[in-house]
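Below is one structure, written out as structure tokens, with a few remarks after it.
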Amino acid sequence: MRLGLDVYGGDFAPQATLDGLGMLLNELPEGDCVVLFGDMQPILDNVDNDLIKSGRIEIVHAPEIIEMGDSPTKAFQTKHDSSIVKGFEWLRANKIDAFSSAGNSGAMMVGSVYAINTIPGVIRPSSAVLIPKVNGGNTVILDVGTNPDAKSDVMYQYGLLGSCYAEYVFGISNPKVGLLNIGEEEKKGNLLVQSAFQLLKDSPDFNFIGNVEGRDLFGDKADVVVCDGFTGNVVIKQIQAMYRLMEKRGLLDDYFKSFNYELYGGSPILGINKTVVIGHGISSPLAIKNMMLLSRSIASSSLFEKLTDAIAHCSQ
């Protein structure tokens, strides 16, 4: 497995990414290689020479950086020697099996859609994150910001994308898919959620269980929760804020410690033809390590091939 990493992605790059690399290599199988994209000399100055000779890492010189404040589309079109653009070039050419970055998320989305392309039939790709369940395991929630104005047919596909992700990456058999709403009743919610419910309720493509409420995100009622990107982003950021508040007040037990974003690393882009994972801009070395491990899990599961087959046979 060859995993691509944007060394200059994130607020604390390149130090955090290179420190994360050191942690990562202790957990990767011997045959795996990490391909680093960034300014070569600083990387060489900070990576042990014996490690470079070992064949476990490879460096691709990419001296430009797409900054967090750059326009994603313009930067992708003009900064051809940037770590993000080079990473997508290698991913598209099958020189790496996955590409991850904690850098400009907009540029990562532009690369995912225009350099890699969506799976035929996918209307809009989606980003997904995990929410810890009280009794163990995680709930997959999508979308969490990629498409703030999703339509009902897009949300139907979220159900399929999320179901496949839960099954093939996390081993959940016949995942339970719920639609996030303000009540359990079929007629509850705004026009978008009501119309999405009508598509989802008779789905032969996945196991739809009906509406779920915000309080159900942390229990066993659903394995996958579908919502539009606006709602999902608000939910995730509220959870992150509560975690930080509890951390500052010394209120964390083992369960609430599991809400630390560093343990999950990043969010995959589901519905494209390759494995792409976007990390948080403030990613620490631990978050970088887990972002890369997540990318490996997704790539090794051949998720995009299975999604391609699922979309091709989708009833909608």
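In the structure tokens, chains take letters A, B, ... by order of appearance, with residues numbered from 1 within each chain and ligands from 1 in the order shown.
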**Prompt:** Can you tell me, as a list in words, what residues are no more than 10 Å from A:Val234 when counting only C-alpha atoms, ignoring any on the same chain fewer than 6 positions away?
**Reply:** Val144, Gly145 and Gln240 of chain A
Near A:Pro148, counting only C-alpha atoms, which residues have an atom at most 12 Å away, once you skip same-chain residues fewer than 3 positions from it, shown as a short mmCIF file (atom, residue, chain, number, x, y, z; two decimals) with N, CA and C atoms, in the first residue's frame?
```
data_model
loop_
_atom_site.label_atom_id
_atom_site.label_comp_id
_atom_site.auth_asym_id
_atom_site.auth_seq_id
_atom_site.Cartn_x
_atom_site.Cartn_y
_atom_site.Cartn_z
N ARG A 124 -23.60 14.21 -6.07
CA ARG A 124 -22.66 15.03 -5.29
C ARG A 124 -21.90 14.13 -4.31
N SER A 126 -19.84 13.30 -0.83
CA SER A 126 -20.18 13.70 0.53
C SER A 126 -18.99 13.49 1.46
N SER A 127 -18.94 14.26 2.53
CA SER A 127 -17.96 14.04 3.59
C SER A 127 -18.66 13.40 4.78
N LEU A 142 -23.43 11.87 7.68
CA LEU A 142 -23.08 12.53 6.43
C LEU A 142 -24.34 13.19 5.85
N ASP A 143 -24.20 14.35 5.27
CA ASP A 143 -22.99 15.09 4.95
C ASP A 143 -22.67 16.05 6.10
N VAL A 144 -21.41 16.48 6.20
CA VAL A 144 -21.03 17.37 7.29
C VAL A 144 -20.44 18.69 6.78
N GLY A 145 -20.86 19.10 5.58
CA GLY A 145 -20.44 20.41 5.10
C GLY A 145 -20.14 20.53 3.63
N LYS A 151 -30.29 18.28 -2.25
CA LYS A 151 -31.66 17.95 -2.62
C LYS A 151 -31.99 16.54 -2.14
N VAL A 154 -30.05 13.65 -3.70
CA VAL A 154 -28.68 13.61 -3.19
C VAL A 154 -28.66 12.95 -1.82
N MET A 155 -29.63 13.27 -0.98
CA MET A 155 -29.68 12.68 0.35
C MET A 155 -29.99 11.19 0.30
N LEU A 192 -37.43 19.72 2.60
CA LEU A 192 -36.33 18.87 2.14
C LEU A 192 -36.37 17.51 2.84
N CYS A 227 -28.08 13.62 6.60
CA CYS A 227 -28.58 15.00 6.72
C CYS A 227 -27.94 15.85 5.64
N ASP A 228 -28.44 17.05 5.44
CA ASP A 228 -27.80 17.97 4.50
C ASP A 228 -26.52 18.51 5.14
N GLY A 229 -25.62 19.04 4.32
CA GLY A 229 -24.32 19.48 4.81
C GLY A 229 -24.38 20.63 5.78
N PHE A 230 -25.37 21.50 5.66
CA PHE A 230 -25.52 22.62 6.59
C PHE A 230 -25.81 22.10 7.99
N THR A 231 -26.81 21.23 8.08
CA THR A 231 -27.20 20.67 9.38
C THR A 231 -26.07 19.84 9.97
N GLY A 232 -25.46 19.00 9.15
CA GLY A 232 -24.40 18.13 9.63
C GLY A 232 -23.21 18.90 10.15
N ASN A 233 -22.87 19.99 9.50
CA ASN A 233 -21.74 20.80 9.94
C ASN A 233 -22.03 21.46 11.29
N VAL A 234 -23.25 21.95 11.46
CA VAL A 234 -23.64 22.54 12.75
C VAL A 234 -23.57 21.49 13.85
#
```
**Prompt:** Contacts of stretch 267-273 of chain A at 6 Å or less, counting only C-alpha atoms, minus same-chain residues fewer than 5 places along, as a ChimeraX atom specification?
**Reply:** /A:117-119,125-129,278,304
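Near A:Ser203, within a cut-off of 9 Å and counting only C-alpha atoms, sit the residues Tyr156, Ser315 and Gln316 of chain A, with same-chain residues fewer than 6 positions away left out.
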**Complete:** As a check of understanding: the span from atom CA of A:Gly265 to atom CA of A:Asn290 is 4.6 Å
**Request:** Can you pull out every residue within 12 Å of A:Gly266, counting only C-alpha atoms, but drop anything in the same chain fewer than 6 positions away, and send it as a VMD selection string?
**Result:** chain A and resid 10 99 to 103 105 127 to 130 144 260 276 to 284 286 to 295 298
**Asked** Interatomic distance between atom CA of A:Ile84 and atom CA of A:Ile239?
**Response** 28.8 Å
**Asked** Excluding same-chain residues fewer than 4 positions from A:Ile65, what lies within 7 Å of it counting only C-alpha atoms, as a PyMOL selection string?
**Response** chain A and resi 8+82-83
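Considering only C-alpha atoms, the residue among A:Asp39, A:Glu167, A:Glu27, A:Asp6 positioned nearest to A:Leu303 is A:Glu167.
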**Message:** I'd like to know which residues of stretch 139-312 of chain A are helix (DSSP H, G or I) (by DSSP, run on the backbone); could you write them as a PyMOL selection string?
**Reply:** chain A and resi 152-170+191-200+214-218+229-248+254-257+261-263+285-300+303-312
**Message:** For A:Val7, find every residue with an atom within 8 Å (counting only C-alpha atoms), except residues of its own chain fewer than 5 positions away, and show them as a ChimeraX atom specification.
**Reply:** /A:13-14,17-18,36-38,83,101
